[in-house]
$ cat data08.cif   # mmCIF, C-alpha atoms
data_final
#
loop_
_atom_site.label_atom_id
_atom_site.label_comp_id
_atom_site.auth_asym_id
_atom_site.auth_seq_id
_atom_site.Cartn_x
_atom_site.Cartn_y
_atom_site.Cartn_z
CA MET A 588 134.07 112.97 101.32
CA GLN A 589 136.90 110.99 102.81
CA TYR A 590 139.72 109.05 101.19
CA CYS A 591 140.59 105.44 101.93
CA THR A 592 142.90 105.14 104.97
CA ALA A 593 144.62 102.09 103.39
CA CYS A 594 145.54 103.31 99.88
CA GLN A 595 144.97 107.09 100.29
CA LYS A 596 143.83 107.24 96.64
CA ALA A 597 140.20 106.20 96.26
CA ILE A 598 137.14 107.61 97.98
CA ALA A 599 136.08 105.59 101.02
CA THR A 600 132.69 103.91 100.78
CA ILE A 601 132.94 101.54 103.76
CA VAL A 602 133.59 102.40 107.40
CA VAL A 603 134.95 99.71 109.72
CA MET A 604 134.53 100.56 113.39
CA ASP A 605 136.43 98.96 116.28
CA LEU A 606 134.18 98.39 119.28
CA THR A 607 135.23 97.69 122.84
CA GLU A 608 132.43 97.07 125.36
CA GLY A 609 129.95 98.91 123.16
CA ALA A 610 132.12 101.99 122.66
CA VAL A 611 133.82 102.94 119.38
CA THR A 612 137.58 102.85 119.94
CA GLY A 613 138.70 103.38 116.34
CA SER A 614 137.57 103.40 112.75
CA GLN A 615 138.91 102.86 109.24
CA HIS A 616 137.51 104.34 106.06
CA LEU A 617 138.05 101.97 103.14
CA CYS A 618 137.42 101.98 99.42
CA GLN A 619 135.70 98.98 97.85
CA ALA A 620 138.97 97.43 96.55
CA CYS A 621 140.81 97.69 99.88
CA ALA A 622 137.78 96.38 101.76
CA GLU A 623 137.67 93.31 99.52
CA GLN A 624 141.42 92.72 100.06
CA MET A 625 140.87 92.87 103.82
CA GLY A 626 137.90 90.51 103.59
CA VAL A 627 135.37 93.17 104.50
CA GLY A 628 132.37 93.63 102.26
CA ALA A 629 128.88 94.99 102.20
CA PRO A 630 126.38 92.65 103.87
CA LYS A 631 124.46 90.53 101.41
CA ALA A 632 120.70 90.27 101.46
CA PRO A 633 119.48 87.03 103.01
CA LYS A 634 118.52 84.45 100.43
CA LEU A 635 115.10 82.95 100.96
CA SER A 636 114.74 79.30 100.18
CA PRO A 637 111.96 78.19 97.85
CA GLU A 638 110.26 76.48 100.79
CA ILE A 639 110.10 79.71 102.77
CA LEU A 640 108.80 81.64 99.77
CA GLU A 641 106.20 78.98 99.10
CA ASP A 642 105.09 79.12 102.73
CA LEU A 643 104.89 82.93 102.64
CA LEU A 644 102.98 83.00 99.39
CA GLY A 645 100.64 80.31 100.60
CA SER A 646 98.37 78.25 98.47
CA MET A 647 98.88 79.96 95.13
CA GLN A 648 98.19 77.84 92.12
CA PRO A 649 101.23 76.54 90.22
CA ALA A 650 102.00 78.15 86.87
CA ARG A 651 100.19 76.65 83.92
CA LYS A 652 102.15 75.39 80.95
CA GLY A 653 101.83 77.20 77.64
CA PRO A 654 100.75 80.73 76.79
CA ARG A 655 97.40 81.91 78.03
CA THR A 656 95.56 85.19 77.62
CA GLY A 657 95.83 87.29 80.76
CA ASP A 658 98.65 85.15 82.16
CA GLY A 659 100.92 88.13 82.76
CA CYS A 660 100.84 91.79 83.62
CA PRO A 661 100.05 94.05 80.67
CA GLY A 662 102.15 96.83 82.24
CA CYS A 663 105.52 95.22 82.91
CA GLY A 664 105.08 91.79 81.30
CA MET A 665 105.67 89.88 84.54
CA ALA A 666 104.34 86.35 84.36
CA ALA A 667 102.36 84.77 87.17
CA ALA A 668 105.18 82.25 87.68
CA ASP A 669 107.68 85.10 88.18
CA PHE A 670 105.43 86.65 90.82
CA ARG A 671 105.15 83.33 92.65
CA THR A 672 108.92 82.73 92.67
CA LYS A 673 110.03 86.29 93.49
CA GLY A 674 107.19 87.21 95.81
CA ARG A 675 107.23 90.78 94.47
CA LEU A 676 105.15 92.62 91.93
CA GLY A 677 106.70 94.48 89.03
CA CYS A 678 104.42 97.52 88.66
CA PRO A 679 101.11 98.98 89.91
CA ARG A 680 99.15 97.19 87.16
CA CYS A 681 100.29 93.83 88.58
CA TYR A 682 97.76 94.30 91.40
CA ASP A 683 94.94 94.04 88.87
CA ALA A 684 96.62 91.33 86.79
CA PHE A 685 97.28 89.04 89.78
CA ARG A 686 94.21 90.00 91.84
CA ALA A 687 92.91 86.43 91.99
CA GLU A 688 96.20 85.26 93.51
CA LEU A 689 96.70 88.27 95.78
CA LEU A 690 93.35 88.17 97.58
CA PRO A 691 93.89 84.79 99.31
CA LEU A 692 97.45 85.87 100.17
CA LEU A 693 96.23 89.12 101.74
CA GLN A 694 93.55 87.21 103.62
CA ARG A 695 96.20 84.89 105.10
CA ILE A 696 98.66 87.63 106.00
CA HIS A 697 96.39 90.49 107.11
CA GLU A 698 93.22 88.55 107.94
CA ALA A 699 91.33 90.84 105.55
CA GLN A 700 91.15 91.48 101.83
CA ALA A 701 90.60 95.23 102.08
CA HIS A 702 92.41 97.97 103.97
CA THR A 703 90.10 99.33 106.66
CA GLY A 704 92.32 102.12 107.93
CA ARG A 705 94.40 102.71 110.98
CA LEU A 706 91.55 103.58 113.32
CA PRO A 707 88.15 101.89 113.54
CA ALA A 708 85.16 103.82 112.26
CA VAL A 709 82.96 105.55 114.82
CA VAL A 710 79.73 103.59 115.13
CA GLY A 711 76.64 105.50 114.03
CA SER A 712 78.40 108.42 112.38
CA ALA A 713 77.93 109.10 108.70
CA PRO A 714 80.70 110.72 106.69
CA PRO A 715 80.19 114.49 106.51
CA ALA A 716 81.34 114.69 102.88
CA ALA A 717 78.06 116.09 101.49
CA ASP A 718 77.80 118.79 104.20
CA GLU A 719 81.42 119.83 103.74
CA ARG A 720 81.00 119.98 99.97
CA SER A 721 77.97 122.28 100.30
CA LEU A 722 79.81 124.47 102.84
CA THR A 723 82.78 124.75 100.50
CA ASP A 724 80.49 125.53 97.58
CA VAL A 725 78.66 128.29 99.50
CA ARG A 726 81.96 129.80 100.68
CA ARG A 727 83.26 129.85 97.12
CA ARG A 728 80.06 131.47 95.81
CA LEU A 729 80.22 134.05 98.66
CA GLU A 730 83.79 134.98 97.72
CA ASP A 731 82.78 135.32 94.06
CA ALA A 732 79.85 137.56 95.00
CA VAL A 733 82.05 139.83 97.16
CA ARG A 734 84.69 140.06 94.42
CA GLY A 735 81.97 140.88 91.89
CA GLU A 736 80.51 143.50 94.29
CA ARG A 737 77.11 141.75 94.32
CA TYR A 738 76.40 142.64 97.93
CA GLU A 739 72.76 141.52 98.14
CA GLU A 740 73.73 138.06 96.90
CA ALA A 741 76.74 138.07 99.26
CA ALA A 742 74.50 138.87 102.25
CA ARG A 743 72.10 136.07 101.31
CA LEU A 744 75.01 133.61 100.92
CA ARG A 745 76.50 134.77 104.26
CA ASP A 746 73.22 133.96 106.00
CA GLU A 747 73.00 130.60 104.23
CA LEU A 748 76.59 129.82 105.27
CA ARG A 749 75.82 130.64 108.90
CA LYS A 750 72.81 128.31 108.85
CA LEU A 751 74.88 125.49 107.34
CA GLU A 752 77.68 126.02 109.88
CA ARG A 753 75.21 125.93 112.78
CA GLY A 754 73.68 122.74 111.37
CA ALA A 755 77.11 121.12 111.01
CA ALA A 756 78.11 122.11 114.54
CA SER A 757 75.11 120.44 116.19
#
$ encode --input "data08.cif" --output "structure tokens"
Amino acid sequence: MQYCTACQKAIATIVVMDLTEGAVTGSQHLCQACAEQMGVGAPKAPKLSPEILEDLLGSMQPARKGPRTGDGCPGCGMAAADFRTKGRLGCPRCYDAFRAELLPLLQRIHEAQAHTGRLPAVVGSAPPAADERSLTDVRRRLEDAVRGERYEEAARLRDELRKLERGAAS
């Protein structure tokens, strides 16, 4: 924690660096009040014009006049018009509430309406979920049998597990 180099009273929240040919030659630590007096402030977020937002959001339908059932999000109360003007959703339930408007937007931006993953699927390979579930189940039953000192059952499960592992490996 560093104090303001101008007033020496408040805690510094802004650092002003002097650069010469890409190298830092000096710096000042300023509090918010001193920074405002010197004309230095935090950068403001760029303001997007309505035309840019409209272009980004694409061909969404304009808001209808008057109340309508299902016109807003049941989670946060955001209206469809608010979503169109802000370009942001208010909560996770907005994805369901504004699904009809989001799908064409996603199609335009991502050229797909569903996330397909980072890597393409391997052609001709089926997901091994069922085999892995049965392997996990047999391992769990084997551990239970060993803990319960049911050695005949444990031996049978060990052999079954070996067969399943050999089948999964090939």
$ atom_distance --input "data08.cif" --atom1 "CA of Gln624 (chain A)" --atom2 "CA of Met588 (chain A)"
21.6 Å
$ atom_distance --input "data08.cif" --atom1 "CA of Cys681 (chain A)" --atom2 "CA of Ala668 (chain A)"
12.6 Å
$ closest_residue --input "data08.cif" --among "A:Leu748, A:Ala699, A:Leu617, A:Cys591" --to "Leu722 (chain A)" --atoms "all atoms listed in the file"
A:Leu748
$ closest_residue --input "data08.cif" --among "A:His616, A:Arg686, A:Gly609, A:Ala701" --to "Gln595 (chain A)" --atoms "only C-alpha atoms"
A:His616
$ atom_distance --input "data08.cif" --atom1 "CA of Gly664 (chain A)" --atom2 "CA of Leu693 (chain A)"
22.4 Å
$ residues_around --input "data08.cif" --residues "Ala742 (chain A)" --least-positions-apart "6" --cutoff "10 Å" --atoms "all atoms listed in the file" --output "PDB file with C-alpha atoms, in the coordinates of the input"
ATOM      1  CA  LEU A 729      80.220 134.050  98.660  1.00  0.00           C
ATOM      2  CA  ALA A 732      79.850 137.560  95.000  1.00  0.00           C
ATOM      3  CA  VAL A 733      82.050 139.830  97.160  1.00  0.00           C
ATOM      4  CA  LEU A 748      76.590 129.820 105.270  1.00  0.00           C
TER       5      LEU A 748
END
$ resolve_selection --input "data08.cif" --expression "the PyMOL selection byres ((chain A and resi 675) around 12)" --output "list in words"
Leu640, Leu643, Leu644, Met665, Ala666, Ala667, Ala668, Asp669, Phe670, Arg671, Thr672, Lys673, Gly674, Leu676, Gly677, Cys678, Pro679, Cys681, Tyr682, Phe685 and Leu689 of chain A
$ residues_around --input "data08.cif" --residues "region 602-606 of chain A" --least-positions-apart "3" --cutoff "9 Å" --atoms "only C-alpha atoms" --output "compact mmCIF listing (two decimals) with C-alpha atoms, in the frame of the given file"
# COMPACT_ATOMS: atom_id res chain seq x y z
CA ALA A 599 136.08 105.59 101.02
CA GLY A 609 129.95 98.91 123.16
CA ALA A 610 132.12 101.99 122.66
CA VAL A 611 133.82 102.94 119.38
CA THR A 612 137.58 102.85 119.94
CA GLY A 613 138.70 103.38 116.34
CA SER A 614 137.57 103.40 112.75
CA GLN A 615 138.91 102.86 109.24
CA HIS A 616 137.51 104.34 106.06
CA LEU A 617 138.05 101.97 103.14
CA CYS A 618 137.42 101.98 99.42
CA VAL A 627 135.37 93.17 104.50
$ closest_residue --input "data08.cif" --among "A:Glu739, A:Asp724, A:Glu623, A:Asp731" --to "Ala593 (chain A)" --atoms "only C-alpha atoms"
A:Glu623
$ closest_residue --input "data08.cif" --among "A:Leu690, A:Ile601, A:Ala684, A:Leu744" --to "Cys660 (chain A)" --atoms "only C-alpha atoms"
A:Ala684
$ axis_aligned_box --input "data08.cif" --around "region 615-625 of chain A" --padding-each-side "6 Å" --output "AutoDock Vina command-line options"
--center_x 138.6 --center_y 98.5 --center_z 102.9 --size_x 17.7 --size_y 23.6 --size_z 24.7
